[in-house]
file data.txt (compact mmCIF, C-alpha atoms)
# COMPACT_ATOMS: atom_id res chain seq x y z
CA MET A 113 -1.26 8.53 257.37
CA THR A 114 0.50 11.61 255.95
CA THR A 115 -1.13 15.02 255.61
CA THR A 116 -3.20 15.47 252.43
CA SER A 117 -1.20 18.42 251.17
CA PRO A 118 1.70 16.51 249.51
CA ARG A 119 -0.84 14.07 248.09
CA ARG A 120 -2.85 16.90 246.58
CA SER A 121 0.22 18.43 245.09
CA ASP A 122 1.20 14.99 243.69
CA ALA A 123 -2.30 14.70 242.25
CA ARG A 124 -2.03 18.13 240.61
CA ARG A 125 1.40 17.32 239.18
CA ASN A 126 0.11 13.98 237.85
CA ARG A 127 -2.91 15.65 236.28
CA GLU A 128 -0.73 18.28 234.60
CA ALA A 129 1.73 15.62 233.40
CA ILE A 130 -1.13 13.57 231.94
CA LEU A 131 -2.63 16.58 230.11
CA ALA A 132 0.77 17.65 228.76
CA SER A 133 1.52 14.08 227.59
CA ALA A 134 -1.93 13.79 226.03
CA LEU A 135 -1.40 16.99 224.01
CA THR A 136 2.10 15.86 222.95
CA LEU A 137 0.94 12.38 221.90
CA PHE A 138 -2.23 13.65 220.19
CA ALA A 139 0.01 15.98 218.17
CA ARG A 140 1.66 12.85 216.71
CA ASP A 141 -1.36 10.55 216.68
CA PRO A 142 -4.97 11.60 217.39
CA ASN A 143 -5.70 7.94 218.25
CA ALA A 144 -3.00 7.71 220.94
CA SER A 145 -4.12 5.13 223.54
CA MET A 146 -4.74 5.70 227.24
CA SER A 147 -1.87 3.28 228.01
CA ALA A 148 0.56 5.25 225.85
CA ILE A 149 -0.49 8.52 227.52
CA ALA A 150 -0.08 6.99 231.00
CA ALA A 151 3.40 5.71 230.08
CA ALA A 152 4.46 9.09 228.64
CA ALA A 153 3.23 10.87 231.80
CA GLY A 154 5.07 8.38 234.00
CA VAL A 155 1.93 7.26 235.83
CA GLY A 156 0.15 3.91 236.06
CA ARG A 157 -3.20 3.15 234.48
CA VAL A 158 -4.89 3.25 237.89
CA THR A 159 -3.64 6.81 238.46
CA LEU A 160 -4.65 7.82 234.92
CA TYR A 161 -8.18 6.47 235.34
CA GLY A 162 -8.33 8.04 238.81
CA HIS A 163 -8.01 11.44 237.12
CA PHE A 164 -9.98 10.75 233.93
CA ALA A 165 -12.74 8.15 233.88
CA GLY A 166 -12.29 7.51 230.17
CA ARG A 167 -10.69 8.59 226.95
CA ASP A 168 -13.43 11.13 226.12
CA GLU A 169 -13.00 12.81 229.49
CA LEU A 170 -9.22 13.09 228.95
CA VAL A 171 -9.67 14.43 225.42
CA GLU A 172 -12.17 16.99 226.72
CA ALA A 173 -9.78 18.14 229.46
CA ALA A 174 -6.85 18.34 227.00
CA LEU A 175 -9.01 20.39 224.61
CA ALA A 176 -10.07 22.70 227.47
CA ALA A 177 -6.41 23.21 228.44
CA ALA A 178 -5.45 24.02 224.83
CA VAL A 179 -8.41 26.38 224.37
CA GLU A 180 -7.64 28.16 227.66
CA GLN A 181 -4.05 28.72 226.57
CA SER A 182 -5.21 29.97 223.13
CA ASP A 183 -7.75 32.32 224.70
CA ARG A 184 -5.01 33.90 226.81
CA LEU A 185 -2.89 34.51 223.70
CA LEU A 186 -5.81 35.76 221.58
CA ALA A 187 -6.89 38.16 224.33
CA GLU A 188 -3.65 40.05 223.64
CA VAL A 189 -4.57 40.76 219.99
CA ASP A 190 -5.36 44.43 219.30
CA LEU A 191 -8.93 44.57 217.96
CA SER A 192 -9.08 48.35 217.54
CA GLY A 193 -8.81 50.32 214.30
CA ASP A 194 -9.88 49.20 210.81
CA PRO A 195 -12.19 46.15 211.21
CA LEU A 196 -10.59 44.19 208.34
CA ASP A 197 -7.07 44.79 209.70
CA ALA A 198 -8.28 43.73 213.17
CA LEU A 199 -9.92 40.57 211.77
CA VAL A 200 -6.74 39.68 209.87
CA ARG A 201 -4.66 40.10 213.06
CA LEU A 202 -7.07 37.84 214.95
CA ILE A 203 -7.05 35.23 212.16
CA ARG A 204 -3.23 35.16 212.03
CA SER A 205 -3.02 34.66 215.79
CA SER A 206 -5.82 32.05 215.76
CA TRP A 207 -4.18 30.14 212.93
CA ARG A 208 -0.95 29.85 214.90
CA GLN A 209 -2.96 28.30 217.77
CA VAL A 210 -4.85 25.95 215.44
CA GLU A 211 -1.58 24.80 213.85
CA ALA A 212 0.05 24.21 217.25
CA ASN A 213 -2.91 22.12 218.43
CA SER A 214 -4.14 20.58 215.16
CA ALA A 215 -3.83 16.94 216.18
CA ALA A 216 -5.41 17.57 219.58
CA LEU A 217 -8.27 19.34 217.77
CA ASP A 218 -8.68 16.31 215.46
CA ALA A 219 -8.78 13.98 218.45
CA ALA A 220 -11.26 16.24 220.21
CA LEU A 221 -13.49 16.52 217.14
CA ALA A 222 -13.58 12.74 216.74
CA ALA A 223 -14.25 12.13 220.44
CA LEU A 224 -16.60 15.00 221.25
CA GLY A 225 -18.40 15.93 218.03
CA THR A 226 -18.74 19.24 216.19
CA ASP A 227 -21.23 20.91 218.58
CA HIS A 228 -19.02 20.43 221.60
CA MET A 229 -15.96 21.60 219.64
CA ARG A 230 -17.74 24.70 218.46
CA ALA A 231 -18.98 25.42 222.02
CA SER A 232 -15.42 25.16 223.37
CA HIS A 233 -14.48 28.03 221.05
CA ASP A 234 -17.19 30.39 222.31
CA GLY A 235 -14.65 32.80 223.77
CA VAL A 236 -12.70 33.17 220.53
CA LEU A 237 -15.85 33.31 218.41
CA ALA A 238 -17.29 36.13 220.52
CA ARG A 239 -14.22 38.20 219.63
CA VAL A 240 -14.54 37.39 215.91
CA GLN A 241 -18.24 38.25 215.97
CA GLU A 242 -17.57 41.55 217.77
CA ILE A 243 -15.21 42.68 214.97
CA ILE A 244 -17.63 41.52 212.27
CA GLU A 245 -20.53 43.44 213.80
CA ARG A 246 -18.39 46.56 214.10
CA GLY A 247 -17.31 46.15 210.45
CA GLN A 248 -20.90 45.66 209.31
CA GLY A 249 -21.80 48.90 211.11
CA SER A 250 -18.97 50.82 209.46
CA GLY A 251 -19.72 49.37 205.99
CA THR A 252 -16.45 47.38 205.80
CA PHE A 253 -18.20 44.00 205.91
CA ARG A 254 -21.31 42.91 204.04
CA ALA A 255 -24.60 43.31 205.89
CA ASP A 256 -26.73 41.07 203.61
CA LEU A 257 -25.62 38.03 205.68
CA SER A 258 -25.87 37.79 209.48
CA ALA A 259 -22.88 38.33 211.76
CA ASP A 260 -23.62 34.85 213.18
CA TRP A 261 -23.19 33.28 209.75
CA LEU A 262 -20.06 35.28 208.83
CA THR A 263 -18.53 34.28 212.19
CA ALA A 264 -19.25 30.63 211.38
CA VAL A 265 -17.60 31.09 207.96
CA VAL A 266 -14.41 32.44 209.58
CA TYR A 267 -14.37 29.54 212.07
CA SER A 268 -14.95 26.89 209.42
CA THR A 269 -12.36 28.36 207.04
CA LEU A 270 -9.70 28.08 209.77
CA HIS A 271 -10.68 24.51 210.60
CA THR A 272 -10.92 23.52 206.96
CA ALA A 273 -7.39 24.82 206.43
CA CYS A 274 -6.25 22.72 209.40
CA ALA A 275 -7.83 19.58 207.90
CA GLU A 276 -6.43 20.33 204.42
CA VAL A 277 -2.90 20.81 205.78
CA THR A 278 -3.18 17.59 207.82
CA SER A 279 -4.34 15.67 204.74
CA GLY A 280 -1.57 17.13 202.58
CA ARG A 281 -3.90 18.90 200.14
CA LEU A 282 -2.77 22.37 201.27
CA ALA A 283 0.86 23.37 201.87
CA ALA A 284 1.35 24.52 205.47
CA ASP A 285 3.14 27.71 204.35
CA GLU A 286 0.25 28.65 202.01
CA ALA A 287 -2.52 28.12 204.54
CA GLU A 288 -2.50 31.49 206.28
CA SER A 289 -2.67 33.49 203.05
CA ALA A 290 -5.38 31.16 201.65
CA ILE A 291 -7.49 31.67 204.79
CA ILE A 292 -7.10 35.45 204.68
CA ALA A 293 -7.79 35.72 200.93
CA THR A 294 -10.90 33.53 201.28
CA VAL A 295 -12.31 35.25 204.36
CA THR A 296 -11.63 38.71 202.93
CA SER A 297 -13.51 37.91 199.69
CA ALA A 298 -16.37 36.27 201.56
CA LEU A 299 -16.83 39.09 204.10
CA VAL A 300 -15.82 42.43 202.58
CA ALA A 301 -18.78 44.50 201.37
CA MET B 135 -31.98 -27.69 207.03
CA THR B 136 -33.70 -25.38 204.53
CA THR B 137 -32.05 -24.06 201.38
CA THR B 138 -29.91 -20.95 201.90
CA SER B 139 -31.82 -18.81 199.40
CA PRO B 140 -34.74 -17.70 201.64
CA ARG B 141 -32.25 -17.13 204.45
CA ARG B 142 -30.13 -14.94 202.26
CA SER B 143 -33.12 -12.91 201.18
CA ASP B 144 -34.15 -12.58 204.87
CA ALA B 145 -30.66 -11.42 205.67
CA ARG B 146 -30.78 -8.82 202.90
CA ARG B 147 -34.19 -7.57 204.02
CA ASN B 148 -32.99 -7.38 207.64
CA ARG B 149 -29.89 -5.45 206.59
CA GLU B 150 -31.96 -2.98 204.56
CA ALA B 151 -34.48 -2.58 207.40
CA ILE B 152 -31.64 -1.92 209.87
CA LEU B 153 -30.02 0.71 207.61
CA ALA B 154 -33.37 2.42 206.93
CA SER B 155 -34.20 2.46 210.66
CA ALA B 156 -30.73 3.75 211.49
CA LEU B 157 -31.14 6.67 209.05
CA THR B 158 -34.64 7.43 210.38
CA LEU B 159 -33.57 7.32 214.04
CA PHE B 160 -30.33 9.26 213.43
CA ALA B 161 -32.45 11.97 211.78
CA ARG B 162 -34.16 12.43 215.16
CA ASP B 163 -31.22 11.67 217.45
CA PRO B 164 -27.59 11.23 216.32
CA ASN B 165 -27.00 9.26 219.55
CA ALA B 166 -29.75 6.70 218.87
CA SER B 167 -28.77 3.41 220.54
CA MET B 168 -28.21 0.04 218.89
CA SER B 169 -31.17 -1.36 220.90
CA ALA B 170 -33.49 1.38 219.62
CA ILE B 171 -32.37 0.76 216.03
CA ALA B 172 -32.88 -3.02 216.40
CA ALA B 173 -36.38 -2.42 217.82
CA ALA B 174 -37.33 0.00 215.02
CA ALA B 175 -36.08 -2.48 212.39
CA GLY B 176 -38.04 -5.30 214.03
CA VAL B 177 -34.96 -7.47 214.59
CA GLY B 178 -33.30 -8.76 217.75
CA ARG B 179 -29.96 -7.57 219.03
CA VAL B 180 -28.31 -10.83 217.94
CA THR B 181 -29.46 -10.24 214.35
CA LEU B 182 -28.36 -6.60 214.50
CA TYR B 183 -24.90 -7.50 215.75
CA GLY B 184 -24.74 -10.32 213.19
CA HIS B 185 -24.92 -7.67 210.46
CA PHE B 186 -22.93 -4.88 212.15
CA ALA B 187 -20.25 -5.71 214.71
CA GLY B 188 -20.66 -2.37 216.46
CA ARG B 189 -22.17 1.07 216.36
CA ASP B 190 -19.34 2.57 214.29
CA GLU B 191 -19.77 -0.12 211.64
CA LEU B 192 -23.52 0.58 211.45
CA VAL B 193 -22.97 4.35 211.26
CA GLU B 194 -20.41 3.82 208.49
CA ALA B 195 -22.83 1.63 206.49
CA ALA B 196 -25.69 4.12 207.00
CA LEU B 197 -23.43 6.94 205.82
CA ALA B 198 -22.37 4.92 202.78
CA ALA B 199 -26.03 4.25 201.91
CA ALA B 200 -26.91 7.96 202.24
CA VAL B 201 -23.87 9.03 200.19
CA GLU B 202 -24.65 6.48 197.46
CA GLN B 203 -28.21 7.79 197.19
CA SER B 204 -26.95 11.41 197.09
CA ASP B 205 -24.36 10.56 194.42
CA ARG B 206 -27.10 9.13 192.20
CA LEU B 207 -29.16 12.34 192.54
CA LEU B 208 -26.16 14.64 192.06
CA ALA B 209 -25.07 12.73 188.96
CA GLU B 210 -28.23 14.06 187.29
CA VAL B 211 -27.22 17.72 187.77
CA ASP B 212 -26.31 19.48 184.51
CA LEU B 213 -22.71 20.69 184.85
CA SER B 214 -22.45 22.27 181.38
CA GLY B 215 -22.63 25.96 180.49
CA ASP B 216 -21.51 28.89 182.65
CA PRO B 217 -19.29 27.52 185.47
CA LEU B 218 -20.89 29.69 188.19
CA ASP B 219 -24.41 28.68 187.13
CA ALA B 220 -23.30 25.03 187.09
CA LEU B 221 -21.73 25.34 190.56
CA VAL B 222 -24.89 26.97 191.94
CA ARG B 223 -27.01 24.13 190.52
CA LEU B 224 -24.71 21.56 192.13
CA ILE B 225 -24.75 23.42 195.47
CA ARG B 226 -28.56 23.63 195.49
CA SER B 227 -28.86 19.91 194.81
CA SER B 228 -26.13 19.06 197.37
CA TRP B 229 -27.76 21.22 200.02
CA ARG B 230 -31.04 19.34 199.63
CA GLN B 231 -29.13 16.08 200.26
CA VAL B 232 -27.27 17.51 203.26
CA GLU B 233 -30.54 18.77 204.77
CA ALA B 234 -32.23 15.41 204.26
CA ASN B 235 -29.36 13.56 205.94
CA SER B 236 -28.12 16.15 208.44
CA ALA B 237 -28.55 14.07 211.58
CA ALA B 238 -27.02 10.98 209.96
CA LEU B 239 -24.08 13.17 208.90
CA ASP B 240 -23.71 14.42 212.49
CA ALA B 241 -23.73 10.86 213.81
CA ALA B 242 -21.21 9.82 211.16
CA LEU B 243 -18.93 12.76 211.89
CA ALA B 244 -18.92 11.97 215.61
CA ALA B 245 -18.34 8.25 215.05
CA LEU B 246 -15.93 8.31 212.13
CA GLY B 247 -14.07 11.64 212.27
CA THR B 248 -13.59 14.36 209.70
CA ASP B 249 -11.11 12.55 207.44
CA HIS B 250 -13.40 9.59 206.91
CA MET B 251 -16.37 11.88 206.32
CA ARG B 252 -14.49 13.91 203.78
CA ALA B 253 -13.29 10.72 202.03
CA SER B 254 -16.89 9.45 201.80
CA HIS B 255 -17.69 12.56 199.75
CA ASP B 256 -14.95 12.02 197.17
CA GLY B 257 -17.47 11.44 194.36
CA VAL B 258 -19.33 14.69 194.97
CA LEU B 259 -16.14 16.65 195.56
CA ALA B 260 -14.65 15.46 192.26
CA ARG B 261 -17.63 17.03 190.49
CA VAL B 262 -17.27 20.31 192.41
CA GLN B 263 -13.55 20.41 191.65
CA GLU B 264 -14.16 19.72 187.94
CA ILE B 265 -16.43 22.79 187.67
CA ILE B 266 -14.02 24.95 189.65
CA GLU B 267 -11.09 23.99 187.41
CA ARG B 268 -13.15 24.72 184.31
CA GLY B 269 -14.18 28.09 185.82
CA GLN B 270 -10.58 28.94 186.68
CA GLY B 271 -9.63 28.20 183.07
CA SER B 272 -12.37 30.44 181.70
CA GLY B 273 -11.59 33.27 184.16
CA THR B 274 -14.91 32.94 186.04
CA PHE B 275 -13.25 31.74 189.25
CA ARG B 276 -10.13 33.12 190.92
CA ALA B 277 -6.86 31.38 190.06
CA ASP B 278 -4.76 32.81 192.93
CA LEU B 279 -5.98 29.95 195.15
CA SER B 280 -5.82 26.25 194.23
CA ALA B 281 -8.84 24.32 192.96
CA ASP B 282 -8.21 21.88 195.85
CA TRP B 283 -8.62 24.68 198.38
CA LEU B 284 -11.67 26.24 196.70
CA THR B 285 -13.30 22.79 196.59
CA ALA B 286 -12.66 22.42 200.33
CA VAL B 287 -14.22 25.86 200.89
CA VAL B 288 -17.41 24.83 199.06
CA TYR B 289 -17.58 21.57 201.04
CA SER B 290 -17.02 23.27 204.39
CA THR B 291 -19.52 26.04 203.66
CA LEU B 292 -22.24 23.44 203.05
CA HIS B 293 -21.37 21.53 206.20
CA THR B 294 -21.10 24.69 208.27
CA ALA B 295 -24.58 25.69 207.12
CA CYS B 296 -25.83 22.25 208.19
CA ALA B 297 -24.30 22.67 211.67
CA GLU B 298 -25.61 26.24 211.99
CA VAL B 299 -29.15 25.19 211.05
CA THR B 300 -29.00 22.25 213.50
CA SER B 301 -27.82 24.56 216.29
CA GLY B 302 -30.53 27.13 215.51
CA ARG B 303 -28.09 29.94 214.62
CA LEU B 304 -29.16 29.97 210.94
CA ALA B 305 -32.77 29.80 209.74
CA ALA B 306 -33.30 26.73 207.52
CA ASP B 307 -34.97 28.82 204.80
CA GLU B 308 -32.03 31.26 204.67
CA ALA B 309 -29.31 28.62 204.48
CA GLU B 310 -29.27 28.00 200.72
CA SER B 311 -28.98 31.68 199.82
CA ALA B 312 -26.31 32.23 202.52
CA ILE B 313 -24.26 29.34 201.11
CA ILE B 314 -24.54 30.60 197.54
CA ALA B 315 -23.77 34.24 198.45
CA THR B 316 -20.73 33.15 200.49
CA VAL B 317 -19.33 30.72 197.93
CA THR B 318 -19.89 33.15 195.07
CA SER B 319 -17.98 35.94 196.86
CA ALA B 320 -15.19 33.57 197.89
CA LEU B 321 -14.70 32.01 194.44
CA VAL B 322 -15.59 34.50 191.71
CA ALA B 323 -12.56 36.20 190.18

call {"tool": "encode", "arguments": {"input": "data.txt", "output": "structure tokens"}}
result
Amino acid sequence: MTTTSPRRSDARRNREAILASALTLFARDPNASMSAIAAAAGVGRVTLYGHFAGRDELVEAALAAAVEQSDRLLAEVDLSGDPLDALVRLIRSSWRQVEANSAALDAALAALGTDHMRASHDGVLARVQEIIERGQGSGTFRADLSADWLTAVVYSTLHTACAEVTSGRLAADEAESAIIATVTSALVA
Amino acid sequence: MTTTSPRRSDARRNREAILASALTLFARDPNASMSAIAAAAGVGRVTLYGHFAGRDELVEAALAAAVEQSDRLLAEVDLSGDPLDALVRLIRSSWRQVEANSAALDAALAALGTDHMRASHDGVLARVQEIIERGQGSGTFRADLSADWLTAVVYSTLHTACAEVTSGRLAADEAESAIIATVTSALVA
């Protein structure tokens, strides 16, 4: 029997390879099979199922990995200064993350449902809500609707744009400006 | 062997009972099981699976039944006159349908995915888009964004309100006015 250390490091490498392959394959096909993901990661089905008991569990882990990466990038966005400018900066950065992970998000939505998806975005949404509340206080954003609701509107506008681009009803290079024009009109006092 | 006629009418009654039970149970719990639906409909599991090969097929049929009923009600909405007034009438009527079927919509979204859900609403969305195009022509609605996109914004605002009410972040009696205030600001030129 060998020491456990190399085995653990093999296990970690396998897990990372599976998650990376899952995100790559989901980006091409949200219905990518477990077998295809195992093959792309260079592991057998037994190893795959050793790490993830089922497809939903793998999708959930892939979503968590994508969200964690996005959160790190979004944490770098400057939220100071004019609330509308800050919100636009955060939307631009968020949209780049949504675009990069759109197929994984589709797969996650189908597998996990809207509540779970929304919950996985709590970190990002807290930052959106913080700017909205500051902007309501300063009179930049409307105060006749709750910050909770306006945060949900920002979130849903981004995800609607993602779905519309995927379906071909919205040109990818028009999406960012459509999101910003829509959110600005909906939120500005 | 009896004639097929009474059997066929039994089959139709069973199918209708299963769909009605599915909608009732989904309204309480989007994860209602096939066994619970069979029990509520007063049929055995063999009969249930004779009509619907699996849960997704049943959810799809229940969604289709709910959408068909909604389409009939929405077809009665007067779309003439001022485009904004017409859109508000259509939103009010749509919101009542969404509220009545919110849990079934959640179950359908989880089982079928966003694309399928959106496609099932084609009839309603065509009516929304027709008003928006007329309003863009008359100068009531903005023309810097496409009618396709503005239609998607209306659709997503309704469904976001549904999710926010379900999650408890938006009071049910404030939802309709929040939807109308948001859509009006986002669309009016």

call {"tool": "interface_residues", "arguments": {"input": "data.txt", "of": "chain B", "to": "chain A", "cutoff": "9 Å", "atoms": "all atoms listed in the file", "output": "count of residues only"}}
result
36

call {"tool": "residues_around", "arguments": {"input": "data.txt", "residues": "B:Gln263", "least_positions_apart": "4", "cutoff": "7 Å", "atoms": "only C-alpha atoms", "output": "short mmCIF file (atom, residue, chain, number, x, y, z; two decimals) with C-alpha atoms, keeping the file's coordinate frame"}}
result
data_model
loop_
_atom_site.label_atom_id
_atom_site.label_comp_id
_atom_site.auth_asym_id
_atom_site.auth_seq_id
_atom_site.Cartn_x
_atom_site.Cartn_y
_atom_site.Cartn_z
CA LEU B 259 -16.14 16.65 195.56
CA GLU B 267 -11.09 23.99 187.41
CA ALA B 281 -8.84 24.32 192.96
CA ASP B 282 -8.21 21.88 195.85
CA THR B 285 -13.30 22.79 196.59
#

call {"tool": "residues_near_point", "arguments": {"input": "data.txt", "point": "(-24.2, 28.5, 191.2)", "cutoff": "12 Å", "atoms": "all atoms listed in the file", "output": "ChimeraX atom specification"}}
result
/B:211-229,262,265-266,269,274-275,288,310-311,313-319,321-322

call {"tool": "atom_distance", "arguments": {"input": "data.txt", "atom1": "atom CA of A:Ala153", "atom2": "atom CA of A:Ala132"}}
result
7.8 Å

call {"tool": "atom_distance", "arguments": {"input": "data.txt", "atom1": "atom CA of A:Gly166", "atom2": "atom CA of A:Val179"}}
result
20.1 Å

call {"tool": "atom_distance", "arguments": {"input": "data.txt", "atom1": "atom CA of A:Gly154", "atom2": "atom CA of A:Leu135"}}
result
14.7 Å

call {"tool": "residues_around", "arguments": {"input": "data.txt", "residues": "A:Glu128", "least_positions_apart": "6", "cutoff": "10 Å", "atoms": "all atoms listed in the file", "output": "MDAnalysis selection string"}}
result
chainID A and resid 122 134 153 174 177

call {"tool": "closest_residue", "arguments": {"input": "data.txt", "among": "B:Thr181, B:Ser143, B:Ser204, B:Asn148", "to": "B:Glu233", "atoms": "all atoms listed in the file"}}
result
B:Ser204

call {"tool": "decode", "arguments": {"input": "data.txt", "residues": "stretch 177-193 of chain B", "atoms": "N, CA and C atoms", "output": "mmCIF file, in the first residue's frame"}}
result
data_model
loop_
_atom_site.group_PDB
_atom_site.id
_atom_site.type_symbol
_atom_site.label_atom_id
_atom_site.label_comp_id
_atom_site.auth_asym_id
_atom_site.auth_seq_id
_atom_site.Cartn_x
_atom_site.Cartn_y
_atom_site.Cartn_z
ATOM 1 N N VAL B 177 -55.818 6.930 -9.860
ATOM 2 C CA VAL B 177 -55.404 5.892 -10.823
ATOM 3 C C VAL B 177 -54.157 5.184 -10.275
ATOM 4 N N GLY B 178 -53.900 3.999 -10.793
ATOM 5 C CA GLY B 178 -52.694 3.271 -10.392
ATOM 6 C C GLY B 178 -51.480 3.774 -11.156
ATOM 7 N N ARG B 179 -50.312 3.342 -10.701
ATOM 8 C CA ARG B 179 -49.084 3.772 -11.361
ATOM 9 C C ARG B 179 -49.001 3.248 -12.792
ATOM 10 N N VAL B 180 -49.548 2.046 -13.024
ATOM 11 C CA VAL B 180 -49.515 1.483 -14.385
ATOM 12 C C VAL B 180 -50.312 2.374 -15.334
ATOM 13 N N THR B 181 -51.488 2.807 -14.878
ATOM 14 C CA THR B 181 -52.323 3.705 -15.701
ATOM 15 C C THR B 181 -51.598 5.024 -15.935
ATOM 16 N N LEU B 182 -51.012 5.576 -14.856
ATOM 17 C CA LEU B 182 -50.301 6.849 -14.984
ATOM 18 C C LEU B 182 -49.199 6.738 -16.034
ATOM 19 N N TYR B 183 -48.375 5.682 -15.901
ATOM 20 C CA TYR B 183 -47.259 5.535 -16.841
ATOM 21 C C TYR B 183 -47.729 5.119 -18.238
ATOM 22 N N GLY B 184 -48.960 4.590 -18.316
ATOM 23 C CA GLY B 184 -49.540 4.308 -19.640
ATOM 24 C C GLY B 184 -49.827 5.608 -20.386
ATOM 25 N N HIS B 185 -50.179 6.653 -19.648
ATOM 26 C CA HIS B 185 -50.474 7.946 -20.280
ATOM 27 C C HIS B 185 -49.214 8.794 -20.464
ATOM 28 N N PHE B 186 -48.331 8.762 -19.464
ATOM 29 C CA PHE B 186 -47.135 9.614 -19.494
ATOM 30 C C PHE B 186 -45.913 8.764 -19.149
ATOM 31 N N ALA B 187 -45.013 8.637 -20.116
ATOM 32 C CA ALA B 187 -43.882 7.716 -19.956
ATOM 33 C C ALA B 187 -42.980 8.097 -18.782
ATOM 34 N N GLY B 188 -42.978 9.361 -18.416
ATOM 35 C CA GLY B 188 -42.110 9.779 -17.315
ATOM 36 C C GLY B 188 -42.562 11.120 -16.774
ATOM 37 N N ARG B 189 -41.857 11.566 -15.753
ATOM 38 C CA ARG B 189 -42.225 12.806 -15.077
ATOM 39 C C ARG B 189 -42.140 14.006 -16.023
ATOM 40 N N ASP B 190 -41.062 14.061 -16.831
ATOM 41 C CA ASP B 190 -40.900 15.189 -17.748
ATOM 42 C C ASP B 190 -42.075 15.277 -18.721
ATOM 43 N N GLU B 191 -42.512 14.117 -19.206
ATOM 44 C CA GLU B 191 -43.625 14.104 -20.168
ATOM 45 C C GLU B 191 -44.904 14.626 -19.505
ATOM 46 N N LEU B 192 -45.120 14.242 -18.246
ATOM 47 C CA LEU B 192 -46.302 14.716 -17.514
ATOM 48 C C LEU B 192 -46.204 16.233 -17.267
ATOM 49 N N VAL B 193 -45.031 16.688 -16.849
ATOM 50 C CA VAL B 193 -44.843 18.119 -16.597
ATOM 51 C C VAL B 193 -45.101 18.904 -17.890
#
